[in-house]
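Source file entry-v7.txt; content: compact mmCIF, C-alpha atoms and all ligand atoms.
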```
# COMPACT_ATOMS: atom_id res chain seq x y z
CA MET A 19 12.66 1.81 -3.89
CA LYS A 20 9.42 1.98 -1.95
CA SER A 21 7.15 -0.92 -2.93
CA GLN A 22 5.38 -3.81 -1.41
CA GLN A 23 8.33 -5.86 -0.38
CA SER A 24 9.15 -8.63 2.02
CA TYR A 25 12.24 -10.60 2.81
CA GLN A 26 12.85 -14.01 4.25
CA VAL A 27 16.13 -15.24 5.70
CA PHE A 28 16.93 -18.91 5.41
CA LEU A 29 19.47 -20.94 7.33
CA ASP A 30 21.52 -21.72 4.24
CA ARG A 31 21.45 -21.72 0.46
CA GLU A 32 19.71 -25.10 0.28
CA GLN A 33 16.77 -23.80 2.34
CA LEU A 34 16.68 -20.63 0.24
CA VAL A 35 16.58 -22.67 -2.96
CA ARG A 36 13.81 -24.92 -1.66
CA ALA A 37 11.65 -21.95 -0.65
CA ALA A 38 12.26 -20.08 -3.89
CA ALA A 39 11.36 -23.13 -6.00
CA GLN A 40 8.17 -23.63 -3.97
CA ARG A 41 7.21 -19.97 -4.46
CA TRP A 42 8.01 -20.17 -8.18
CA MET A 43 5.58 -23.05 -8.49
CA GLU A 44 2.88 -21.19 -6.51
CA LEU A 45 3.20 -18.14 -8.76
CA ALA A 46 3.18 -20.29 -11.88
CA ASN A 47 0.02 -22.14 -10.83
CA GLU A 48 -1.66 -18.91 -9.69
CA SER A 49 -0.89 -17.24 -13.03
CA ILE A 50 -2.07 -20.24 -15.04
CA ARG A 51 -5.32 -20.33 -13.05
CA ALA A 52 -5.86 -16.60 -13.56
CA ARG A 53 -4.54 -16.05 -17.08
CA ASN A 54 -3.95 -19.51 -18.56
CA SER A 55 -0.23 -18.79 -18.85
CA PHE A 56 2.90 -17.93 -16.86
CA HIS A 57 5.54 -15.68 -18.41
CA VAL A 58 8.73 -15.59 -16.37
CA ALA A 59 12.08 -13.88 -16.99
CA LEU A 60 14.87 -15.98 -15.51
CA ALA A 61 18.00 -14.79 -13.74
CA GLY A 62 21.47 -15.74 -14.84
CA GLY A 63 24.49 -16.25 -12.63
CA ALA A 64 25.06 -19.00 -10.07
CA THR A 65 22.46 -18.46 -7.34
CA PRO A 66 19.31 -19.42 -9.27
CA LYS A 67 20.75 -22.55 -10.95
CA PRO A 68 19.76 -24.97 -8.14
CA VAL A 69 16.26 -23.46 -8.16
CA TYR A 70 15.94 -24.42 -11.83
CA GLU A 71 17.29 -27.88 -11.02
CA ARG A 72 14.63 -28.35 -8.32
CA LEU A 73 11.89 -27.35 -10.75
CA GLN A 74 12.84 -30.33 -12.92
CA ARG A 75 11.15 -32.62 -10.41
CA GLU A 76 7.89 -30.69 -10.11
CA ASN A 77 4.61 -31.45 -11.82
CA LEU A 78 4.10 -28.16 -13.66
CA ASP A 79 1.91 -27.33 -16.67
CA TRP A 80 4.85 -26.66 -18.98
CA ASP A 81 2.54 -26.17 -21.97
CA ARG A 82 1.42 -22.90 -20.34
CA ILE A 83 4.80 -21.74 -19.05
CA HIS A 84 6.98 -19.38 -21.10
CA LEU A 85 10.63 -18.84 -20.23
CA TYR A 86 12.53 -15.63 -21.00
CA TRP A 87 15.83 -14.20 -19.76
CA GLY A 88 16.47 -11.01 -17.84
CA ASP A 89 19.86 -10.59 -19.47
CA GLU A 90 22.42 -12.42 -21.55
CA ARG A 91 26.11 -12.30 -22.12
CA ASP A 92 27.41 -11.56 -25.62
CA VAL A 93 28.42 -15.18 -26.23
CA PRO A 94 27.03 -18.09 -28.30
CA ALA A 95 24.22 -20.19 -26.80
CA ASP A 96 26.60 -23.11 -26.15
CA HIS A 97 29.26 -20.98 -24.43
CA PRO A 98 29.97 -21.81 -20.74
CA ASP A 99 29.06 -18.20 -19.82
CA SER A 100 25.68 -18.29 -21.58
CA ASN A 101 22.71 -17.81 -19.26
CA TYR A 102 20.60 -19.68 -21.79
CA ARG A 103 22.97 -22.67 -21.66
CA MET A 104 22.87 -22.64 -17.85
CA VAL A 105 19.05 -22.83 -17.83
CA ARG A 106 18.96 -25.36 -20.67
CA GLU A 107 21.24 -27.69 -18.72
CA ALA A 108 19.57 -27.09 -15.34
CA LEU A 109 15.94 -27.23 -16.48
CA ILE A 110 14.91 -27.15 -20.14
CA ASP A 111 16.61 -30.42 -21.11
CA HIS A 112 14.75 -32.19 -18.27
CA VAL A 113 11.13 -31.02 -18.65
CA PRO A 114 8.49 -31.31 -21.41
CA ILE A 115 8.36 -27.59 -22.20
CA PRO A 116 7.50 -26.90 -25.85
CA GLU A 117 10.38 -25.29 -27.75
CA ALA A 118 8.00 -22.48 -28.76
CA ASN A 119 7.69 -21.58 -25.06
CA VAL A 120 11.41 -20.94 -24.66
CA HIS A 121 12.39 -17.39 -25.60
CA PRO A 122 16.14 -16.92 -25.22
CA ILE A 123 17.96 -13.69 -25.97
CA HIS A 124 19.23 -15.02 -29.29
CA VAL A 125 22.81 -13.72 -29.48
CA LEU A 126 23.77 -12.74 -33.04
CA PRO A 127 27.02 -11.30 -34.44
CA ASP A 128 25.51 -7.81 -34.37
CA ILE A 129 24.37 -7.03 -30.82
CA GLU A 130 21.85 -4.42 -31.93
CA THR A 131 20.14 -7.07 -34.07
CA THR A 132 20.04 -9.27 -30.97
CA VAL A 133 18.39 -6.41 -29.07
CA GLU A 134 15.85 -5.74 -31.81
CA GLU A 135 14.92 -9.42 -32.11
CA TYR A 136 14.37 -9.70 -28.36
CA ARG A 137 12.38 -6.47 -28.35
CA GLN A 138 10.06 -8.10 -30.89
CA VAL A 139 9.77 -11.19 -28.69
CA LEU A 140 8.77 -8.96 -25.77
CA ASP A 141 6.17 -7.26 -28.00
CA ASN A 142 4.13 -10.47 -27.73
CA LEU A 143 3.80 -10.09 -23.98
CA HIS A 144 0.77 -8.58 -22.26
CA ARG A 145 1.22 -4.82 -21.68
CA GLY A 146 1.24 -3.30 -18.21
CA THR A 147 -0.57 -0.05 -17.43
CA ASN A 148 2.57 1.89 -18.40
CA GLY A 149 2.58 0.23 -21.84
CA HIS A 150 5.64 -1.90 -21.15
CA PRO A 151 5.80 -5.72 -21.40
CA CYS A 152 4.39 -7.27 -18.23
CA PHE A 153 6.00 -10.45 -16.91
CA ASP A 154 4.17 -12.50 -14.28
CA LEU A 155 7.51 -12.99 -12.55
CA ILE A 156 11.05 -11.71 -13.00
CA MET A 157 13.77 -13.53 -11.07
CA LEU A 158 16.84 -11.48 -10.17
CA GLY A 159 20.18 -12.13 -8.59
CA VAL A 160 22.08 -9.24 -7.02
CA GLY A 161 25.79 -8.63 -7.55
CA ASP A 162 28.10 -7.61 -4.70
CA ASP A 163 28.09 -4.17 -6.32
CA GLY A 164 24.30 -4.10 -6.19
CA HIS A 165 23.75 -4.73 -9.90
CA ILE A 166 20.70 -6.57 -11.16
CA VAL A 167 20.41 -8.23 -14.57
CA SER A 168 23.11 -6.29 -16.44
CA LEU A 169 22.27 -2.93 -14.90
CA PHE A 170 25.64 -2.15 -13.31
CA PRO A 171 26.60 0.97 -11.30
CA GLU A 172 27.29 4.03 -13.49
CA SER A 173 25.93 2.21 -16.55
CA SER A 174 24.26 4.18 -19.33
CA ALA A 175 21.45 1.59 -19.22
CA LEU A 176 20.38 2.81 -15.76
CA THR A 177 18.65 5.86 -17.24
CA VAL A 178 16.88 4.12 -20.14
CA THR A 179 13.12 4.50 -19.85
CA ASN A 180 11.83 4.33 -23.42
CA THR A 181 12.61 0.73 -24.38
CA PRO A 182 12.38 -2.66 -22.67
CA VAL A 183 15.80 -4.02 -23.67
CA VAL A 184 19.19 -2.56 -24.51
CA SER A 185 22.78 -3.54 -25.17
CA VAL A 186 25.31 -2.25 -22.69
CA TYR A 187 29.09 -2.36 -22.43
CA VAL A 188 30.14 -3.40 -18.91
CA GLU A 189 33.52 -1.77 -18.19
CA LYS A 190 34.38 -3.92 -15.18
CA LEU A 191 33.78 -7.09 -17.15
CA ASN A 192 35.18 -5.73 -20.41
CA SER A 193 32.22 -7.27 -22.19
CA TRP A 194 28.90 -6.49 -23.81
CA ARG A 195 25.58 -7.57 -22.37
CA VAL A 196 21.92 -7.44 -23.41
CA THR A 197 19.60 -6.54 -20.54
CA LEU A 198 16.04 -5.74 -19.60
CA THR A 199 15.62 -2.14 -18.45
CA TYR A 200 13.89 -0.70 -15.38
CA PRO A 201 10.56 -0.01 -17.09
CA VAL A 202 10.09 -3.75 -17.65
CA LEU A 203 11.43 -4.73 -14.23
CA ASN A 204 9.05 -2.24 -12.64
CA THR A 205 6.05 -3.56 -14.58
CA ALA A 206 6.34 -7.19 -13.46
CA ARG A 207 3.65 -8.58 -11.19
CA TYR A 208 6.30 -10.16 -8.96
CA LEU A 209 10.05 -9.73 -8.56
CA MET A 210 11.90 -12.55 -6.82
CA LEU A 211 15.39 -11.59 -5.63
CA LEU A 212 17.71 -14.44 -4.70
CA VAL A 213 20.78 -13.48 -2.67
CA SER A 214 23.18 -15.95 -1.11
CA GLY A 215 26.61 -15.73 0.47
CA GLU A 216 28.85 -13.55 2.60
CA ALA A 217 29.98 -11.37 -0.29
CA LYS A 218 26.47 -9.92 -0.60
CA ALA A 219 26.13 -9.03 3.09
CA PRO A 220 27.28 -5.37 2.81
CA VAL A 221 24.88 -4.68 -0.07
CA ILE A 222 21.95 -6.37 1.69
CA ALA A 223 22.60 -4.47 4.92
CA ARG A 224 22.36 -1.19 3.02
CA VAL A 225 19.55 -2.06 0.62
CA LEU A 226 17.25 -3.62 3.23
CA GLY A 227 18.59 -1.60 6.14
CA SER A 228 18.34 2.11 6.80
CA ASP A 229 20.52 3.24 3.90
CA THR A 230 18.90 6.33 2.41
CA GLU A 231 21.56 6.89 -0.25
CA ARG A 232 20.32 4.90 -3.27
CA ARG A 233 23.73 4.08 -4.62
CA TYR A 234 22.99 0.59 -5.94
CA PRO A 235 21.11 -0.31 -9.14
CA VAL A 236 18.90 -2.68 -7.17
CA GLN A 237 17.72 0.32 -5.09
CA LYS A 238 16.43 2.03 -8.22
CA LEU A 239 13.73 -0.62 -8.61
CA ALA A 240 10.30 0.93 -8.13
CA PRO A 241 7.98 -1.88 -9.14
CA SER A 242 4.23 -1.62 -9.26
CA GLY A 243 4.25 -5.29 -8.30
CA ARG A 244 5.62 -7.06 -5.27
CA ILE A 245 9.26 -7.66 -4.41
CA GLU A 246 10.11 -10.83 -2.54
CA TRP A 247 13.65 -11.31 -1.25
CA TYR A 248 15.08 -14.76 -0.54
CA LEU A 249 18.27 -14.46 1.52
CA ASP A 250 20.45 -16.91 3.35
CA GLU A 251 21.97 -16.06 6.73
CA ALA A 252 25.37 -15.44 5.19
CA ALA A 253 23.94 -12.69 2.99
CA ALA A 254 21.69 -11.28 5.72
CA HIS A 255 23.98 -11.35 8.76
CA GLU A 256 25.07 -7.66 8.59
CA LEU A 257 21.43 -6.64 8.23
CA GLN A 258 20.49 -8.71 11.28
CA GLU A 259 23.42 -7.33 13.29
CA SER A 260 22.40 -3.76 12.50
CA SER A 261 18.69 -4.23 13.23
C1 LIG A 301 24.17 -12.51 -14.83
C2 LIG A 301 23.03 -12.07 -13.95
C3 LIG A 301 23.56 -11.18 -12.88
C4 LIG A 301 23.57 -12.02 -11.62
C5 LIG A 301 24.31 -11.34 -10.50
C6 LIG A 301 24.41 -12.26 -9.27
O1 LIG A 301 23.99 -12.58 -16.04
O2 LIG A 301 25.20 -12.84 -14.25
O3 LIG A 301 22.02 -11.51 -14.60
O4 LIG A 301 22.80 -10.02 -12.66
O5 LIG A 301 22.22 -12.27 -11.22
O6 LIG A 301 25.62 -11.05 -10.99
O7 LIG A 301 25.08 -13.42 -9.70
P1 LIG A 301 25.29 -14.67 -8.68
O8 LIG A 301 23.93 -15.23 -8.44
O9 LIG A 301 26.18 -15.61 -9.47
O10 LIG A 301 25.93 -14.11 -7.44
```

Once you've parsed the file, please lay out its structure as structure tokens.
Ligand code: 6PG
Amino acid sequence: MKSQQSYQVFLDREQLVRAAAQRWMELANESIRARNSFHVALAGGATPKPVYERLQRENLDWDRIHLYWGDERDVPADHPDSNYRMVREALIDHVPIPEANVHPIHVLPDIETTVEEYRQVLDNLHRGTNGHPCFDLIMLGVGDDGHIVSLFPESSALTVTNTPVVSVYVEKLNSWRVTLTYPVLNTARYLMLLVSGEAKAPVIARVLGSDTERRYPVQKLAPSGRIEWYLDEAAAHELQESS
């Protein structure tokens, strides 16, 4: 993964969240000024939720902001594990974003129909130079096994290059997921990676340190855009100790 990348280490998760929300707003306003819209794929999991909650309070041009998801669990939209539900509760229910601007991965009984429907949603996005959908921003969390979205180690989805979204069975979770694939991640103008907590320290030390063995899915990112890492000290401490 050799791209334009930078990382910032913040004292704690609260500082990380504040900085990430501020940057999200900058990128949104920059995109709206340049292209009259901001298309962002949101991360699931726990780390980004307070970022979404902070965005509730900001004066953003929600008419020109379009929300998508980087991945989704194979559960109904009102299920506690749904990434859509998490974002709806943390942000969507609190801001005047038009319903037409919210593009969830609409989970249906047949997962391949879910994939096809979302593929058609992504067809409406601007194309990057490689012909894949181009997001202005994709937010990502990183698992303690180095997974991003639902691209887990040893997954069949890691080698998919001909389509922007796939279904994938995640052995370790014994569950199905729908996930963006590397071609779309690598086409985004910006990637924002949010990593908090002690459990992520070993992965961060390797990914941002001198590890040459690219064992983690996050290390297979090769974006044409810019990667910005937002870390707290707990996640970065092994990196700092080794540098
Ligand atoms: C998901 C996310 C997943 C997440 C990482 C980190 O659906 O859970 O897409 O990739 O970002 O597992 O999750 P935390 O932020 O909760 O550590």

**Request:** Using only C-alpha atoms and all ligand atoms, find each protein or nucleic acid residue lying at most 6 Å from ligand LIG 301 (chain A); present the set as a list in words.
**Result:**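 I would give the residues around ligand LIG 301 (chain A) as Ala61, Gly62, Gly63, Ala64, Thr65, Asp89, Glu90, Leu158, Gly159, Val160, Gly161, Ile166, Val167 and Ser168 of chain A.
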
**Item:** Exercise: Asp111 in chain A partners within 12 Å, only C-alpha atoms, chain neighbours under 2 positions left out, as a PyMOL selection string
**Value:** chain A and resi 70-71+73-74+102-109+113-117+120

**Asked** With all atoms listed in the file as the basis for distance, which of A:Ile50, A:Leu198, A:Leu169, A:Leu257 is at the shortest distance from Gln237 in chain A?
**Response** A:Leu169

With 12 Å as the threshold, what does the neighbourhood of (20.6, -14.3, -26.9) contain in terms of residues, counting all atoms listed in the file? Coordinates are those of the file; answer as a PDB file with C-alpha atoms, in the coordinates of the input.
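Result went into out_38.pdb, see below:
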```
ATOM      1  CA  TYR A  86      12.530 -15.630 -21.000  1.00  0.00           C
ATOM      2  CA  TRP A  87      15.830 -14.200 -19.760  1.00  0.00           C
ATOM      3  CA  GLY A  88      16.470 -11.010 -17.840  1.00  0.00           C
ATOM      4  CA  ASP A  89      19.860 -10.590 -19.470  1.00  0.00           C
ATOM      5  CA  GLU A  90      22.420 -12.420 -21.550  1.00  0.00           C
ATOM      6  CA  ARG A  91      26.110 -12.300 -22.120  1.00  0.00           C
ATOM      7  CA  ASP A  92      27.410 -11.560 -25.620  1.00  0.00           C
ATOM      8  CA  VAL A  93      28.420 -15.180 -26.230  1.00  0.00           C
ATOM      9  CA  PRO A  94      27.030 -18.090 -28.300  1.00  0.00           C
ATOM     10  CA  ALA A  95      24.220 -20.190 -26.800  1.00  0.00           C
ATOM     11  CA  ASP A  96      26.600 -23.110 -26.150  1.00  0.00           C
ATOM     12  CA  HIS A  97      29.260 -20.980 -24.430  1.00  0.00           C
ATOM     13  CA  ASP A  99      29.060 -18.200 -19.820  1.00  0.00           C
ATOM     14  CA  SER A 100      25.680 -18.290 -21.580  1.00  0.00           C
ATOM     15  CA  ASN A 101      22.710 -17.810 -19.260  1.00  0.00           C
ATOM     16  CA  TYR A 102      20.600 -19.680 -21.790  1.00  0.00           C
ATOM     17  CA  ARG A 103      22.970 -22.670 -21.660  1.00  0.00           C
ATOM     18  CA  VAL A 120      11.410 -20.940 -24.660  1.00  0.00           C
ATOM     19  CA  HIS A 121      12.390 -17.390 -25.600  1.00  0.00           C
ATOM     20  CA  PRO A 122      16.140 -16.920 -25.220  1.00  0.00           C
ATOM     21  CA  ILE A 123      17.960 -13.690 -25.970  1.00  0.00           C
ATOM     22  CA  HIS A 124      19.230 -15.020 -29.290  1.00  0.00           C
ATOM     23  CA  VAL A 125      22.810 -13.720 -29.480  1.00  0.00           C
ATOM     24  CA  LEU A 126      23.770 -12.740 -33.040  1.00  0.00           C
ATOM     25  CA  PRO A 127      27.020 -11.300 -34.440  1.00  0.00           C
ATOM     26  CA  ASP A 128      25.510  -7.810 -34.370  1.00  0.00           C
ATOM     27  CA  ILE A 129      24.370  -7.030 -30.820  1.00  0.00           C
ATOM     28  CA  GLU A 130      21.850  -4.420 -31.930  1.00  0.00           C
ATOM     29  CA  THR A 131      20.140  -7.070 -34.070  1.00  0.00           C
ATOM     30  CA  THR A 132      20.040  -9.270 -30.970  1.00  0.00           C
ATOM     31  CA  VAL A 133      18.390  -6.410 -29.070  1.00  0.00           C
ATOM     32  CA  GLU A 134      15.850  -5.740 -31.810  1.00  0.00           C
ATOM     33  CA  GLU A 135      14.920  -9.420 -32.110  1.00  0.00           C
ATOM     34  CA  TYR A 136      14.370  -9.700 -28.360  1.00  0.00           C
ATOM     35  CA  ARG A 137      12.380  -6.470 -28.350  1.00  0.00           C
ATOM     36  CA  VAL A 139       9.770 -11.190 -28.690  1.00  0.00           C
ATOM     37  CA  VAL A 183      15.800  -4.020 -23.670  1.00  0.00           C
ATOM     38  CA  SER A 185      22.780  -3.540 -25.170  1.00  0.00           C
ATOM     39  CA  TRP A 194      28.900  -6.490 -23.810  1.00  0.00           C
ATOM     40  CA  ARG A 195      25.580  -7.570 -22.370  1.00  0.00           C
ATOM     41  CA  VAL A 196      21.920  -7.440 -23.410  1.00  0.00           C
ATOM     42  CA  THR A 197      19.600  -6.540 -20.540  1.00  0.00           C
TER      43      THR A 197
END
```

**Message:** I'd like the contact shell of Val202 in chain A - 10 Å cut-off, only C-alpha atoms, skipping same-chain residues fewer than 3 positions apart - returned as a PyMOL selection string.
**Reply:** chain A and resi 88+140+145-146+148-153+156+179+181-183+198-199+205-206+241

Kindly provide the residues of range 24-122 of chain A that approach range 246-254 of chain A to within 7 Å, each paired with its closest atom pair and their distance in Å to one decimal, based on all atoms listed in the file, listed by chain and increasing number, as CSV.
```
residue,atom,partner,partner_atom,distance
A:Ser24,CA,A:Glu246,CA,5.2
A:Tyr25,CA,A:Trp247,CA,4.4
A:Gln26,CA,A:Tyr248,CA,5.3
A:Val27,CA,A:Leu249,CA,4.8
A:Phe28,CA,A:Asp250,CA,4.5
A:Leu29,CA,A:Glu251,CA,5.5
A:Asp30,CA,A:Asp250,CA,5.0
A:Arg31,CA,A:Asp250,CA,5.7
A:Leu34,CA,A:Tyr248,CA,6.1
A:Ala38,CA,A:Tyr248,CA,6.9
```

**Message:** I'd like to know which of A:Met210, A:Ile245, A:Leu203, A:Asn180 is closest to Arg41 in chain A, using only C-alpha atoms.
**Reply:**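 Looking at the shortest contact to Arg41 in chain A, the residue is A:Met210.
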
**Request:** Could you check how far CA of Arg82 in chain A sits from CA of Gln22 in chain A, in Å to one decimal?
**Result:** 27.2 Å

**Asked** So what do you get for CA of Arg36 in chain A versus CA of Val221 in chain A, distance-wise?
**Response**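 One can read the CA of Arg36 in chain A to CA of Val221 in chain A distance as 23.1 Å.
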
**Message:** When you count all atoms listed in the file, which of these residues is closest to Leu155 in chain A: A:Lys67, A:Lys218, A:Arg207, A:Arg232?
**Reply:**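 Answer, going by the shortest atom-to-atom distance: A:Arg207.
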
Emit range 212-238 of chain A of the structure in the block as a file comprising N, CA and C atoms, as an mmCIF file, in the first residue's frame.
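As a result, result.cif now contains:
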```cif
data_model
loop_
_atom_site.group_PDB
_atom_site.id
_atom_site.type_symbol
_atom_site.label_atom_id
_atom_site.label_comp_id
_atom_site.auth_asym_id
_atom_site.auth_seq_id
_atom_site.Cartn_x
_atom_site.Cartn_y
_atom_site.Cartn_z
ATOM 1 N N LEU A 212 -10.354 5.285 10.716
ATOM 2 C CA LEU A 212 -10.543 5.650 12.123
ATOM 3 C C LEU A 212 -10.204 4.443 12.977
ATOM 4 N N VAL A 213 -9.173 4.580 13.821
ATOM 5 C CA VAL A 213 -8.715 3.422 14.603
ATOM 6 C C VAL A 213 -8.477 3.837 16.044
ATOM 7 N N SER A 214 -9.201 3.202 16.937
ATOM 8 C CA SER A 214 -9.151 3.582 18.353
ATOM 9 C C SER A 214 -9.003 2.337 19.215
ATOM 10 N N GLY A 215 -8.177 2.448 20.282
ATOM 11 C CA GLY A 215 -8.154 1.382 21.270
ATOM 12 C C GLY A 215 -6.944 0.465 21.187
ATOM 13 N N GLU A 216 -6.627 -0.071 22.345
ATOM 14 C CA GLU A 216 -5.452 -0.925 22.566
ATOM 15 C C GLU A 216 -5.450 -2.154 21.652
ATOM 16 N N ALA A 217 -6.629 -2.682 21.404
ATOM 17 C CA ALA A 217 -6.699 -3.945 20.639
ATOM 18 C C ALA A 217 -6.155 -3.779 19.224
ATOM 19 N N LYS A 218 -6.149 -2.541 18.744
ATOM 20 C CA LYS A 218 -5.695 -2.295 17.358
ATOM 21 C C LYS A 218 -4.203 -1.979 17.289
ATOM 22 N N ALA A 219 -3.555 -1.867 18.446
ATOM 23 C CA ALA A 219 -2.150 -1.435 18.459
ATOM 24 C C ALA A 219 -1.224 -2.353 17.651
ATOM 25 N N PRO A 220 -1.351 -3.689 17.768
ATOM 26 C CA PRO A 220 -0.431 -4.553 16.999
ATOM 27 C C PRO A 220 -0.594 -4.369 15.484
ATOM 28 N N VAL A 221 -1.849 -4.236 15.046
ATOM 29 C CA VAL A 221 -2.080 -4.060 13.600
ATOM 30 C C VAL A 221 -1.489 -2.724 13.145
ATOM 31 N N ILE A 222 -1.746 -1.672 13.891
ATOM 32 C CA ILE A 222 -1.257 -0.343 13.511
ATOM 33 C C ILE A 222 0.264 -0.324 13.468
ATOM 34 N N ALA A 223 0.896 -0.956 14.442
ATOM 35 C CA ALA A 223 2.369 -0.963 14.469
ATOM 36 C C ALA A 223 2.916 -1.608 13.196
ATOM 37 N N ARG A 224 2.241 -2.645 12.713
ATOM 38 C CA ARG A 224 2.726 -3.318 11.500
ATOM 39 C C ARG A 224 2.355 -2.524 10.249
ATOM 40 N N VAL A 225 1.098 -2.081 10.195
ATOM 41 C CA VAL A 225 0.620 -1.444 8.950
ATOM 42 C C VAL A 225 1.314 -0.099 8.718
ATOM 43 N N LEU A 226 1.509 0.662 9.778
ATOM 44 C CA LEU A 226 2.128 1.993 9.631
ATOM 45 C C LEU A 226 3.598 1.966 10.020
ATOM 46 N N GLY A 227 4.063 0.797 10.438
ATOM 47 C CA GLY A 227 5.483 0.686 10.798
ATOM 48 C C GLY A 227 6.273 0.139 9.635
ATOM 49 N N SER A 228 7.247 -0.696 9.938
ATOM 50 C CA SER A 228 8.162 -1.133 8.867
ATOM 51 C C SER A 228 7.798 -2.510 8.337
ATOM 52 N N ASP A 229 6.566 -2.959 8.643
ATOM 53 C CA ASP A 229 6.192 -4.310 8.215
ATOM 54 C C ASP A 229 6.169 -4.405 6.691
ATOM 55 N N THR A 230 6.935 -5.275 6.130
ATOM 56 C CA THR A 230 6.939 -5.396 4.657
ATOM 57 C C THR A 230 5.983 -6.502 4.209
ATOM 58 N N GLU A 231 5.686 -7.429 5.134
ATOM 59 C CA GLU A 231 4.774 -8.520 4.776
ATOM 60 C C GLU A 231 3.349 -7.963 4.790
ATOM 61 N N ARG A 232 2.664 -7.969 3.679
ATOM 62 C CA ARG A 232 1.330 -7.342 3.583
ATOM 63 C C ARG A 232 0.259 -8.384 3.919
ATOM 64 N N ARG A 233 0.234 -8.701 5.230
ATOM 65 C CA ARG A 233 -0.643 -9.807 5.622
ATOM 66 C C ARG A 233 -2.080 -9.354 5.841
ATOM 67 N N TYR A 234 -2.276 -8.061 6.080
ATOM 68 C CA TYR A 234 -3.616 -7.587 6.452
ATOM 69 C C TYR A 234 -4.387 -7.027 5.255
ATOM 70 N N PRO A 235 -5.690 -7.232 5.234
ATOM 71 C CA PRO A 235 -6.498 -6.637 4.145
ATOM 72 C C PRO A 235 -6.297 -5.130 3.993
ATOM 73 N N VAL A 236 -6.154 -4.434 5.119
ATOM 74 C CA VAL A 236 -5.981 -2.971 5.012
ATOM 75 C C VAL A 236 -4.701 -2.627 4.257
ATOM 76 N N GLN A 237 -3.708 -3.510 4.280
ATOM 77 C CA GLN A 237 -2.441 -3.245 3.576
ATOM 78 C C GLN A 237 -2.567 -3.472 2.075
ATOM 79 N N LYS A 238 -3.682 -4.027 1.646
ATOM 80 C CA LYS A 238 -3.851 -4.254 0.198
ATOM 81 C C LYS A 238 -4.529 -3.055 -0.474
#
```
